[in-house]
>>> print(open('upload_18.pdb').read())   # PDB, C-alpha atoms
ATOM      1  CA  MET A   1       7.147 -19.429  12.110
ATOM      2  CA  ASP A   2       8.839 -16.021  12.262
ATOM      3  CA  LEU A   3       6.078 -13.598  11.322
ATOM      4  CA  ASP A   4       8.574 -10.796  10.674
ATOM      5  CA  ALA A   5      10.101 -13.053   8.030
ATOM      6  CA  VAL A   6       6.645 -13.796   6.611
ATOM      7  CA  ARG A   7       5.834 -10.065   6.516
ATOM      8  CA  THR A   8       9.139  -9.416   4.741
ATOM      9  CA  PHE A   9       8.403 -12.164   2.200
ATOM     10  CA  VAL A  10       5.030 -10.574   1.397
ATOM     11  CA  ALA A  11       6.634  -7.135   1.036
ATOM     12  CA  VAL A  12       9.196  -8.471  -1.457
ATOM     13  CA  ALA A  13       6.472 -10.349  -3.350
ATOM     14  CA  ASP A  14       4.356  -7.191  -3.575
ATOM     15  CA  THR A  15       7.176  -4.907  -4.725
ATOM     16  CA  GLY A  16       9.325  -7.336  -6.703
ATOM     17  CA  GLN A  17      12.345  -5.593  -5.210
ATOM     18  CA  PHE A  18      14.371  -6.309  -2.054
ATOM     19  CA  GLN A  19      15.399  -2.640  -1.948
ATOM     20  CA  GLN A  20      11.839  -1.307  -2.150
ATOM     21  CA  ALA A  21      10.639  -3.851   0.429
ATOM     22  CA  ALA A  22      13.384  -2.669   2.783
ATOM     23  CA  ALA A  23      12.240   0.947   2.332
ATOM     24  CA  ASP A  24       8.584   0.018   2.963
ATOM     25  CA  LEU A  25       9.500  -1.909   6.114
ATOM     26  CA  ALA A  26      12.015   0.716   7.321
ATOM     27  CA  VAL A  27      14.828  -1.854   7.610
ATOM     28  CA  THR A  28      18.062  -2.430   5.713
ATOM     29  CA  GLN A  29      18.196  -4.426   2.504
ATOM     30  CA  GLN A  30      20.553  -6.832   4.294
ATOM     31  CA  ALA A  31      17.884  -7.450   6.939
ATOM     32  CA  VAL A  32      15.337  -8.220   4.214
ATOM     33  CA  SER A  33      17.710 -10.711   2.576
ATOM     34  CA  LYS A  34      18.456 -12.431   5.904
ATOM     35  CA  ARG A  35      14.771 -12.743   6.814
ATOM     36  CA  VAL A  36      13.859 -14.233   3.434
ATOM     37  CA  ALA A  37      16.822 -16.614   3.572
ATOM     38  CA  ALA A  38      15.825 -17.756   7.067
ATOM     39  CA  LEU A  39      12.237 -18.346   5.924
ATOM     40  CA  GLU A  40      13.432 -20.326   2.902
ATOM     41  CA  LYS A  41      15.629 -22.433   5.178
ATOM     42  CA  ASP A  42      12.722 -23.019   7.572
ATOM     43  CA  LEU A  43      10.415 -24.088   4.725
ATOM     44  CA  GLY A  44      13.067 -26.002   2.805
ATOM     45  CA  VAL A  45      12.257 -24.338  -0.529
ATOM     46  CA  ARG A  46      13.335 -21.372  -2.613
ATOM     47  CA  LEU A  47      10.713 -18.630  -2.564
ATOM     48  CA  PHE A  48      12.327 -16.211  -4.997
ATOM     49  CA  THR A  49      14.521 -16.298  -8.047
ATOM     50  CA  ARG A  50      16.999 -13.460  -7.651
ATOM     51  CA  THR A  51      17.941 -11.473 -10.753
ATOM     52  CA  ALA A  52      19.803  -8.247 -11.375
ATOM     53  CA  ARG A  53      16.428  -6.566 -11.847
ATOM     54  CA  GLY A  54      14.723  -7.791  -8.711
ATOM     55  CA  ALA A  55      13.065 -10.879  -7.278
ATOM     56  CA  ARG A  56      10.558 -13.199  -8.919
ATOM     57  CA  LEU A  57       8.384 -15.666  -7.075
ATOM     58  CA  THR A  58       9.166 -19.315  -7.675
ATOM     59  CA  VAL A  59       6.363 -21.865  -8.003
ATOM     60  CA  ASP A  60       6.727 -22.567  -4.269
ATOM     61  CA  GLY A  61       6.689 -18.844  -3.553
ATOM     62  CA  GLN A  62       3.422 -18.443  -5.464
ATOM     63  CA  ALA A  63       1.909 -21.337  -3.510
ATOM     64  CA  PHE A  64       3.008 -19.896  -0.173
ATOM     65  CA  LEU A  65       1.934 -16.273  -0.806
ATOM     66  CA  PRO A  66      -1.829 -16.540  -0.065
ATOM     67  CA  HIS A  67      -1.121 -18.501   3.116
ATOM     68  CA  ALA A  68       1.456 -15.906   4.159
ATOM     69  CA  ARG A  69      -1.193 -13.196   3.803
ATOM     70  CA  ASP A  70      -3.572 -15.294   5.920
ATOM     71  CA  LEU A  71      -0.918 -15.624   8.634
ATOM     72  CA  LEU A  72      -0.429 -11.861   8.814
ATOM     73  CA  GLN A  73      -4.161 -11.205   8.952
ATOM     74  CA  ALA A  74      -4.519 -13.778  11.746
ATOM     75  CA  GLU A  75      -1.711 -12.058  13.643
ATOM     76  CA  GLU A  76      -3.461  -8.702  13.243
ATOM     77  CA  ARG A  77      -6.791 -10.075  14.486
ATOM     78  CA  ALA A  78      -5.114 -11.715  17.477
ATOM     79  CA  ALA A  79      -3.350  -8.498  18.486
ATOM     80  CA  ALA A  80      -6.485  -6.408  17.995
ATOM     81  CA  SER A  81      -8.483  -8.690  20.271
ATOM     82  CA  VAL A  82      -6.369  -7.844  23.334
ATOM     83  CA  ARG A  83      -4.703  -4.495  22.545
ATOM     84  CA  PRO A  84      -5.571  -2.161  25.429
ATOM     85  CA  GLY A  85      -5.985   1.583  25.423
ATOM     86  CA  ARG A  86      -5.443   3.746  22.396
ATOM     87  CA  ARG A  87      -4.320   1.745  19.417
ATOM     88  CA  ALA A  88      -3.093   2.669  15.958
ATOM     89  CA  LEU A  89      -5.595   3.677  13.284
ATOM     90  CA  ARG A  90      -5.876   0.590  11.103
ATOM     91  CA  ILE A  91      -6.470   1.288   7.398
ATOM     92  CA  ASP A  92      -6.822  -1.321   4.666
ATOM     93  CA  VAL A  93      -5.546  -0.875   1.108
ATOM     94  CA  ILE A  94      -5.324  -3.324  -1.792
ATOM     95  CA  SER A  95      -1.604  -2.662  -2.175
ATOM     96  CA  ARG A  96       0.993  -0.416  -0.572
ATOM     97  CA  ARG A  97       1.977   0.824  -4.038
ATOM     98  CA  LEU A  98      -1.407   2.222  -5.130
ATOM     99  CA  GLY A  99      -2.896   5.709  -4.842
ATOM    100  CA  PRO A 100      -4.677   5.318  -1.469
ATOM    101  CA  ALA A 101      -1.420   4.221   0.174
ATOM    102  CA  ASP A 102       0.141   7.402  -1.179
ATOM    103  CA  LEU A 103      -2.649   9.395   0.510
ATOM    104  CA  LEU A 104      -1.863   7.609   3.767
ATOM    105  CA  ARG A 105       1.808   8.557   3.474
ATOM    106  CA  ASP A 106       0.824  12.189   2.901
ATOM    107  CA  PHE A 107      -1.527  12.097   5.905
ATOM    108  CA  HIS A 108       1.206  10.694   8.128
ATOM    109  CA  ARG A 109       3.637  13.415   7.043
ATOM    110  CA  THR A 110       1.130  16.100   8.068
ATOM    111  CA  HIS A 111       0.028  14.202  11.227
ATOM    112  CA  PRO A 112       3.255  12.557  12.437
ATOM    113  CA  GLY A 113       1.812  11.945  15.904
ATOM    114  CA  THR A 114      -0.902   9.644  14.535
ATOM    115  CA  GLU A 115       0.112   6.000  14.586
ATOM    116  CA  LEU A 116      -1.034   4.001  11.556
ATOM    117  CA  ASP A 117      -1.335   0.284  10.909
ATOM    118  CA  ILE A 118      -1.588  -0.458   7.180
ATOM    119  CA  VAL A 119      -3.090  -3.823   6.227
ATOM    120  CA  THR A 120      -3.892  -5.317   2.833
ATOM    121  CA  HIS A 121      -6.999  -7.293   1.946
ATOM    122  CA  TYR A 122      -7.010  -8.593  -1.602
ATOM    123  CA  ASP A 123     -10.744  -8.433  -2.276
ATOM    124  CA  ALA A 124     -13.491  -5.975  -1.407
ATOM    125  CA  ASP A 125     -15.777  -8.475   0.336
ATOM    126  CA  SER A 126     -13.181  -9.459   2.941
ATOM    127  CA  ALA A 127     -12.169  -5.802   3.397
ATOM    128  CA  ILE A 128     -15.753  -4.672   4.045
ATOM    129  CA  ALA A 129     -16.272  -7.640   6.385
ATOM    130  CA  ALA A 130     -13.168  -6.519   8.302
ATOM    131  CA  VAL A 131     -14.598  -3.002   8.630
ATOM    132  CA  ARG A 132     -17.897  -4.429   9.847
ATOM    133  CA  SER A 133     -16.211  -6.661  12.437
ATOM    134  CA  GLY A 134     -13.894  -3.872  13.614
ATOM    135  CA  THR A 135     -10.717  -5.626  12.508
ATOM    136  CA  VAL A 136      -9.898  -2.522  10.471
ATOM    137  CA  ASP A 137     -11.134   1.038  10.928
ATOM    138  CA  ALA A 138     -11.532   1.856   7.249
ATOM    139  CA  THR A 139     -10.752   0.569   3.785
ATOM    140  CA  PHE A 140     -10.185   2.109   0.365
ATOM    141  CA  ARG A 141     -12.203   0.426  -2.387
ATOM    142  CA  ALA A 142     -13.780   1.076  -5.763
ATOM    143  CA  LEU A 143     -17.428   0.379  -5.003
ATOM    144  CA  THR A 144     -19.083  -1.401  -7.901
ATOM    145  CA  LEU A 145     -22.532  -0.254  -6.823
ATOM    146  CA  PRO A 146     -25.392  -1.002  -7.213
ATOM    147  CA  ALA A 147     -24.059  -4.555  -7.569
ATOM    148  CA  ARG A 148     -22.588  -4.333  -4.050
ATOM    149  CA  ARG A 149     -24.737  -2.880  -1.261
ATOM    150  CA  LEU A 150     -23.006  -1.891   1.939
ATOM    151  CA  PRO A 151     -24.247  -3.460   5.187
ATOM    152  CA  ASP A 152     -26.231  -1.351   7.631
ATOM    153  CA  GLY A 153     -24.044   0.954   9.687
ATOM    154  CA  ILE A 154     -21.305   1.093   7.039
ATOM    155  CA  GLU A 155     -20.686   4.421   5.323
ATOM    156  CA  SER A 156     -18.647   5.426   2.293
ATOM    157  CA  VAL A 157     -17.532   8.560   0.517
ATOM    158  CA  ARG A 158     -15.801   9.004  -2.830
ATOM    159  CA  ILE A 159     -12.391  10.365  -1.950
ATOM    160  CA  LEU A 160     -10.069  10.113  -4.955
ATOM    161  CA  ASP A 161     -10.664  10.010  -8.700
ATOM    162  CA  GLU A 162      -7.258   8.882  -9.894
ATOM    163  CA  PRO A 163      -6.298   9.391 -13.562
ATOM    164  CA  VAL A 164      -5.257   6.219 -15.355
ATOM    165  CA  GLN A 165      -2.000   6.438 -17.308
ATOM    166  CA  LEU A 166      -0.144   4.291 -19.794
ATOM    167  CA  LEU A 167       3.217   2.712 -18.886
ATOM    168  CA  ILE A 168       5.422   2.065 -21.922
ATOM    169  CA  GLY A 169       8.978   1.159 -22.838
ATOM    170  CA  PRO A 170      11.484   3.122 -24.961
ATOM    171  CA  ALA A 171      10.768   1.155 -28.159
ATOM    172  CA  HIS A 172       6.988   1.508 -28.022
ATOM    173  CA  GLU A 173       5.099   3.359 -30.744
ATOM    174  CA  PHE A 174       3.903   5.954 -28.217
ATOM    175  CA  ALA A 175       7.285   6.398 -26.485
ATOM    176  CA  GLY A 176       7.590   9.970 -27.736
ATOM    177  CA  ALA A 177       3.962  10.971 -27.147
ATOM    178  CA  ARG A 178       2.967  13.420 -24.417
ATOM    179  CA  THR A 179      -0.623  12.165 -24.356
ATOM    180  CA  VAL A 180      -2.629   9.354 -25.946
ATOM    181  CA  THR A 181      -6.372   8.946 -26.353
ATOM    182  CA  PRO A 182      -8.027   5.688 -25.245
ATOM    183  CA  ALA A 183      -9.234   5.197 -28.825
ATOM    184  CA  GLN A 184      -5.615   5.113 -30.054
ATOM    185  CA  LEU A 185      -4.991   2.040 -27.890
ATOM    186  CA  ALA A 186      -7.305  -0.171 -29.944
ATOM    187  CA  GLY A 187      -5.258  -3.017 -31.379
ATOM    188  CA  HIS A 188      -2.416  -2.626 -28.878
ATOM    189  CA  ARG A 189      -1.625  -5.343 -26.339
ATOM    190  CA  ILE A 190      -2.402  -4.071 -22.843
ATOM    191  CA  TRP A 191      -1.034  -6.656 -20.412
ATOM    192  CA  MET A 192      -2.446  -6.808 -16.873
ATOM    193  CA  PRO A 193      -1.648 -10.299 -15.512
ATOM    194  CA  ASP A 194      -2.914  -9.423 -12.007
ATOM    195  CA  MET A 195      -6.426  -8.587 -13.241
ATOM    196  CA  THR A 196      -8.139 -11.360 -11.275
ATOM    197  CA  PRO A 197     -11.754 -11.960 -12.422
ATOM    198  CA  GLY A 198     -14.365 -10.727  -9.952
ATOM    199  CA  THR A 199     -12.154  -8.140  -8.257
ATOM    200  CA  GLU A 200     -13.135  -4.494  -8.274
ATOM    201  CA  TRP A 201     -10.224  -3.471 -10.504
ATOM    202  CA  ALA A 202     -11.069  -6.245 -12.981
ATOM    203  CA  VAL A 203     -14.631  -4.877 -13.212
ATOM    204  CA  TYR A 204     -13.304  -1.350 -13.765
ATOM    205  CA  TYR A 205     -10.785  -2.249 -16.466
ATOM    206  CA  SER A 206     -13.234  -4.592 -18.207
ATOM    207  CA  ASP A 207     -15.690  -1.704 -18.446
ATOM    208  CA  LEU A 208     -12.916   0.592 -19.690
ATOM    209  CA  ALA A 209     -11.963  -1.915 -22.378
ATOM    210  CA  ALA A 210     -15.591  -2.327 -23.471
ATOM    211  CA  ALA A 211     -16.147   1.443 -23.632
ATOM    212  CA  PHE A 212     -13.238   2.062 -26.023
ATOM    213  CA  GLY A 213     -12.887  -1.246 -27.878
ATOM    214  CA  LEU A 214      -9.666  -2.210 -26.119
ATOM    215  CA  THR A 215      -8.194  -5.653 -25.542
ATOM    216  CA  ILE A 216      -6.723  -6.277 -22.099
ATOM    217  CA  ASP A 217      -4.661  -9.450 -21.798
ATOM    218  CA  SER A 218      -4.782 -10.903 -18.281
ATOM    219  CA  ALA A 219      -3.149 -14.219 -19.226
ATOM    220  CA  GLY A 220       0.370 -15.241 -18.363
ATOM    221  CA  PRO A 221       2.357 -16.019 -15.236
ATOM    222  CA  ARG A 222       1.792 -13.795 -12.205
ATOM    223  CA  PHE A 223       5.355 -13.414 -11.032
ATOM    224  CA  GLY A 224       4.860  -9.933  -9.609
ATOM    225  CA  THR A 225       5.543  -6.414 -10.760
ATOM    226  CA  SER A 226       9.195  -7.009 -11.622
ATOM    227  CA  LEU A 227       8.406  -9.407 -14.487
ATOM    228  CA  LEU A 228       5.734  -7.053 -15.836
ATOM    229  CA  LEU A 229       8.122  -4.089 -15.862
ATOM    230  CA  ASP A 230      10.879  -6.174 -17.472
ATOM    231  CA  ALA A 231       8.532  -7.282 -20.241
ATOM    232  CA  ILE A 232       7.290  -3.759 -20.986
ATOM    233  CA  ALA A 233      10.840  -2.373 -21.042
ATOM    234  CA  ASP A 234      11.919  -4.960 -23.628
ATOM    235  CA  SER A 235       8.827  -4.828 -25.861
ATOM    236  CA  PRO A 236       7.941  -2.458 -28.739
ATOM    237  CA  THR A 237       4.251  -3.374 -28.465
ATOM    238  CA  LEU A 238       3.479  -4.222 -24.849
ATOM    239  CA  THR A 239       1.977  -1.694 -22.426
ATOM    240  CA  THR A 240      -0.055  -1.618 -19.218
ATOM    241  CA  PHE A 241      -2.301   0.748 -17.272
ATOM    242  CA  ILE A 242      -1.088   2.424 -14.091
ATOM    243  CA  GLY A 243      -2.638   4.930 -11.690
ATOM    244  CA  GLU A 244      -1.241   8.462 -11.602
ATOM    245  CA  ARG A 245      -0.303   8.066  -7.911
ATOM    246  CA  THR A 246       0.844   4.438  -8.142
ATOM    247  CA  ARG A 247       4.448   3.970  -7.029
ATOM    248  CA  PHE A 248       6.582   1.583  -9.056
ATOM    249  CA  VAL A 249      10.369   1.335  -8.907
ATOM    250  CA  TRP A 250      12.382   0.204 -11.927
ATOM    251  CA  PRO A 251      16.047   0.361 -12.978
ATOM    252  CA  PRO A 252      16.969   3.518 -14.946
ATOM    253  CA  GLU A 253      18.095   1.426 -17.908
ATOM    254  CA  HIS A 254      14.515   0.232 -18.409
ATOM    255  CA  GLY A 255      13.657   3.620 -19.891
ATOM    256  CA  LEU A 256      10.018   3.271 -18.873
ATOM    257  CA  ARG A 257       7.781   6.332 -18.895
ATOM    258  CA  ARG A 258       4.225   7.260 -18.062
ATOM    259  CA  VAL A 259       1.990   8.695 -20.759
ATOM    260  CA  ALA A 260      -1.178  10.577 -19.815
ATOM    261  CA  LEU A 261      -4.503   9.530 -21.303
ATOM    262  CA  HIS A 262      -6.872  12.250 -22.457
ATOM    263  CA  ASP A 263      -9.986  12.884 -24.549
ATOM    264  CA  PRO A 264     -11.287  11.478 -22.285
ATOM    265  CA  THR A 265      -9.149  10.826 -19.206
ATOM    266  CA  PRO A 266     -10.218   7.598 -17.450
ATOM    267  CA  LEU A 267     -10.562   8.092 -13.688
ATOM    268  CA  TYR A 268     -10.341   5.237 -11.196
ATOM    269  CA  PRO A 269     -12.838   5.921  -8.354
ATOM    270  CA  HIS A 270     -11.494   5.264  -4.841
ATOM    271  CA  SER A 271     -13.926   5.406  -1.912
ATOM    272  CA  LEU A 272     -13.252   5.337   1.823
ATOM    273  CA  ILE A 273     -15.478   2.902   3.763
ATOM    274  CA  TRP A 274     -15.905   2.900   7.551
ATOM    275  CA  ARG A 275     -18.338   2.046  10.340
ATOM    276  CA  SER A 276     -20.528   4.966  11.340
ATOM    277  CA  ASP A 277     -20.159   4.104  15.040
ATOM    278  CA  ASN A 278     -16.363   3.757  14.967
ATOM    279  CA  PRO A 279     -15.066   5.829  17.928
ATOM    280  CA  HIS A 280     -11.383   5.949  17.007
ATOM    281  CA  PRO A 281     -10.327   9.594  17.486
ATOM    282  CA  ALA A 282      -7.908   9.537  14.550
ATOM    283  CA  LEU A 283     -10.544   8.357  12.084
ATOM    284  CA  ALA A 284     -12.356  11.694  12.148
ATOM    285  CA  ALA A 285      -9.060  13.524  11.627
ATOM    286  CA  PHE A 286      -8.202  11.230   8.730
ATOM    287  CA  ARG A 287     -11.564  11.799   7.053
ATOM    288  CA  ALA A 288     -11.214  15.568   7.510
ATOM    289  CA  TYR A 289      -7.765  15.435   5.929
ATOM    290  CA  LEU A 290      -9.081  13.498   2.930
ATOM    291  CA  ARG A 291     -11.846  16.050   2.440
ATOM    292  CA  SER A 292      -9.284  18.862   2.502
ATOM    293  CA  VAL A 293      -7.106  17.313  -0.222
ATOM    294  CA  ARG A 294      -9.851  15.868  -2.405
ATOM    295  CA  ASP A 295      -9.272  16.677  -6.062
ATOM    296  CA  ASP A 296     -12.686  17.394  -7.564
ATOM    297  CA  ARG A 297     -11.951  16.925 -11.226
ATOM    298  CA  PRO A 298     -14.224  18.591 -13.804
ATOM    299  CA  GLY A 299     -17.070  16.517 -15.159
ATOM    300  CA  THR A 300     -16.091  17.059 -18.798
ATOM    301  CA  GLY A 301     -13.253  15.341 -20.586
ATOM    302  CA  VAL A 302     -13.174  12.411 -18.161
ATOM    303  CA  TRP A 303     -14.558   8.884 -18.133
ATOM    304  CA  VAL A 304     -15.765   6.690 -15.271
ATOM    305  CA  PRO A 305     -17.879   3.544 -15.566
ATOM    306  CA  GLU A 306     -21.642   3.790 -15.230
ATOM    307  CA  TRP A 307     -21.622   2.308 -11.712
ATOM    308  CA  ALA A 308     -19.290   5.081 -10.479
ATOM    309  CA  ARG A 309     -21.335   8.027 -11.757
TER     310      ARG A 309
END
>>> encode(input="upload_18.pdb", output="structure tokens")
Amino acid sequence: MDLDAVRTFVAVADTGQFQQAAADLAVTQQAVSKRVAALEKDLGVRLFTRTARGARLTVDGQAFLPHARDLLQAEERAAASVRPGRRALRIDVISRRLGPADLLRDFHRTHPGTELDIVTHYDADSAIAAVRSGTVDATFRALTLPARRLPDGIESVRILDEPVQLLIGPAHEFAGARTVTPAQLAGHRIWMPDMTPGTEWAVYYSDLAAAFGLTIDSAGPRFGTSLLLDAIADSPTLTTFIGERTRFVWPPEHGLRRVALHDPTPLYPHSLIWRSDNPHPALAAFRAYLRSVRDDRPGTGVWVPEWAR
């Protein structure tokens, strides 16, 4: 199986857009389309439904996605086992669209000579196991401590408290608001279909909902970001949460906008996790960079769950 095609399939599934996947992979949109078409031909199924607004996973595409991720992780482990000499700094993130990936892009712009490999583990347990085994050099996670204790020799530091925002469409009640309080969201449908039970972000948003009497709807088909953005753009009542540094791409006609939350501002706590005996020379430089850009937000007027305080 062509692993470049598999990697391209995962990129399109994650972004919901052929154009954004092409930008993330530094190839042309035509190359993305050809790779996906070749993979579909090889498998004998359609993986995406193409629309004017992007690409949605078919039922077969949803079934193939977790196995595609496994293939890419196996490829990474195989290469790491024999890669001689100085290798790229390998950093794990949940998604290439979220805040930590944005920090990595900023780091690379200021350190263009540092080669980076970005990998994505879906859950914290597998990510921390990868750090422990040396498959990755570091991972960004929201540590739900004290429920999760790090293994011996594994260190962590809180590196980014990212404000949570509201993403709404042009017909929504709050479309003209500059800011909204969490209490004002009571009774509104907050749709987060990717909030998988047991994941760190599910724990965070469940605690946020409990703290302010909110209802977060995680039901519905998980067809990727494109379907979520389409639904919010067309709805006068639907909304979702999004990180301040999260990168989403949507057509201009959607009219979507971000609205800041305040009084208090919920902060999503990202931590960097690494092995204390990791000798990679770029890891120390990366940690130093993160310390230099850390945004220490004031302790008043913000909210974080009890386990992140």
>>> closest_residue(input="upload_18.pdb", among="A:Gly16, A:Phe48, A:Thr240, A:Arg189", to="Ala63 in chain A", atoms="all atoms listed in the file")
A:Phe48
>>> atom_distance(input="upload_18.pdb", atom1="CA of Thr144 in chain A", atom2="CA of Trp191 in chain A")
22.6 Å
>>> resolve_selection(input="upload_18.pdb", expression="the PyMOL selection byres ((chain A and resi 245-257) around 10)", output="number ranges by chain")
A: 15-17, 19-20, 52-54, 95-103, 162-172, 175-176, 225-226, 229-234, 242-244, 258-260
>>> atom_distance(input="upload_18.pdb", atom1="CA of Gln62 in chain A", atom2="CA of Ala22 in chain A")
20.4 Å
>>> atom_distance(input="upload_18.pdb", atom1="CA of Arg69 in chain A", atom2="CA of Arg158 in chain A")
27.4 Å
>>> closest_atom_pairs(input="upload_18.pdb", of="range 49-159 of chain A", to="range 271-274 of chain A", cutoff="7 Å", atoms="only C-alpha atoms", output="Markdown table")
| residue | atom | partner | partner_atom | distance |
| --- | --- | --- | --- | --- |
| A:Val131 | CA | A:Trp274 | CA | 6.1 |
| A:Asp137 | CA | A:Trp274 | CA | 6.1 |
| A:Ala138 | CA | A:Trp274 | CA | 4.5 |
| A:Thr139 | CA | A:Ile273 | CA | 5.3 |
| A:Phe140 | CA | A:Leu272 | CA | 4.7 |
| A:Arg141 | CA | A:Ser271 | CA | 5.3 |
| A:Ala142 | CA | A:Ser271 | CA | 5.8 |
| A:Leu143 | CA | A:Ser271 | CA | 6.9 |
| A:Ile154 | CA | A:Trp274 | CA | 5.7 |
| A:Glu155 | CA | A:Trp274 | CA | 5.5 |
| A:Ser156 | CA | A:Ile273 | CA | 4.3 |
| A:Val157 | CA | A:Ser271 | CA | 5.4 |
| A:Arg158 | CA | A:Ser271 | CA | 4.2 |
| A:Ile159 | CA | A:Ser271 | CA | 5.2 |
>>> residues_around(input="upload_18.pdb", residues="Arg7 in chain A", least_positions_apart="2", cutoff="10 Å", atoms="only C-alpha atoms", output="tab-separated table (two decimals) with C-alpha atoms, in the frame of the given file")
chain	number	residue	atom	x	y	z
A	2	ASP	CA	8.84	-16.02	12.26
A	3	LEU	CA	6.08	-13.60	11.32
A	4	ASP	CA	8.57	-10.80	10.67
A	5	ALA	CA	10.10	-13.05	8.03
A	9	PHE	CA	8.40	-12.16	2.20
A	10	VAL	CA	5.03	-10.57	1.40
A	11	ALA	CA	6.63	-7.14	1.04
A	12	VAL	CA	9.20	-8.47	-1.46
A	13	ALA	CA	6.47	-10.35	-3.35
A	21	ALA	CA	10.64	-3.85	0.43
A	25	LEU	CA	9.50	-1.91	6.11
A	32	VAL	CA	15.34	-8.22	4.21
A	35	ARG	CA	14.77	-12.74	6.81
A	36	VAL	CA	13.86	-14.23	3.43
A	68	ALA	CA	1.46	-15.91	4.16
A	69	ARG	CA	-1.19	-13.20	3.80
A	71	LEU	CA	-0.92	-15.62	8.63
A	72	LEU	CA	-0.43	-11.86	8.81
>>> decode(input="upload_18.pdb", residues="range 34-39 of chain A", atoms="all heavy atoms", output="mmCIF file, in the first residue's frame")
data_model
loop_
_atom_site.group_PDB
_atom_site.id
_atom_site.type_symbol
_atom_site.label_atom_id
_atom_site.label_comp_id
_atom_site.auth_asym_id
_atom_site.auth_seq_id
_atom_site.Cartn_x
_atom_site.Cartn_y
_atom_site.Cartn_z
ATOM 1 N N LYS A 34 -5.010 13.048 -6.715
ATOM 2 C CA LYS A 34 -4.508 11.849 -7.394
ATOM 3 C C LYS A 34 -4.171 10.753 -6.383
ATOM 4 O O LYS A 34 -4.449 9.570 -6.621
ATOM 5 C CB LYS A 34 -3.271 12.198 -8.221
ATOM 6 C CG LYS A 34 -3.586 12.962 -9.505
ATOM 7 C CD LYS A 34 -2.321 13.202 -10.328
ATOM 8 C CE LYS A 34 -2.638 13.874 -11.639
ATOM 9 N NZ LYS A 34 -1.420 14.116 -12.460
ATOM 10 N N ARG A 35 -3.563 11.133 -5.263
ATOM 11 C CA ARG A 35 -3.204 10.123 -4.259
ATOM 12 C C ARG A 35 -4.449 9.478 -3.667
ATOM 13 O O ARG A 35 -4.499 8.250 -3.481
ATOM 14 C CB ARG A 35 -2.377 10.763 -3.149
ATOM 15 C CG ARG A 35 -0.966 11.165 -3.564
ATOM 16 C CD ARG A 35 -0.250 11.821 -2.411
ATOM 17 N NE ARG A 35 1.062 12.349 -2.788
ATOM 18 C CZ ARG A 35 1.868 12.995 -1.955
ATOM 19 N NH1 ARG A 35 1.495 13.206 -0.702
ATOM 20 N NH2 ARG A 35 3.043 13.446 -2.362
ATOM 21 N N VAL A 36 -5.453 10.289 -3.345
ATOM 22 C CA VAL A 36 -6.689 9.739 -2.782
ATOM 23 C C VAL A 36 -7.385 8.854 -3.800
ATOM 24 O O VAL A 36 -7.877 7.762 -3.477
ATOM 25 C CB VAL A 36 -7.606 10.875 -2.301
ATOM 26 C CG1 VAL A 36 -8.986 10.327 -1.908
ATOM 27 C CG2 VAL A 36 -6.989 11.599 -1.108
ATOM 28 N N ALA A 37 -7.427 9.296 -5.051
ATOM 29 C CA ALA A 37 -8.068 8.493 -6.101
ATOM 30 C C ALA A 37 -7.355 7.163 -6.284
ATOM 31 O O ALA A 37 -8.000 6.112 -6.465
ATOM 32 C CB ALA A 37 -8.082 9.277 -7.413
ATOM 33 N N ALA A 38 -6.019 7.174 -6.230
ATOM 34 C CA ALA A 38 -5.262 5.930 -6.378
ATOM 35 C C ALA A 38 -5.529 4.990 -5.203
ATOM 36 O O ALA A 38 -5.642 3.769 -5.385
ATOM 37 C CB ALA A 38 -3.772 6.246 -6.479
ATOM 38 N N LEU A 39 -5.641 5.554 -3.996
ATOM 39 C CA LEU A 39 -5.923 4.723 -2.823
ATOM 40 C C LEU A 39 -7.324 4.129 -2.920
ATOM 41 O O LEU A 39 -7.534 2.945 -2.608
ATOM 42 C CB LEU A 39 -5.774 5.556 -1.554
ATOM 43 C CG LEU A 39 -5.956 4.820 -0.218
ATOM 44 C CD1 LEU A 39 -4.926 3.707 -0.075
ATOM 45 C CD2 LEU A 39 -5.844 5.797 0.944
#
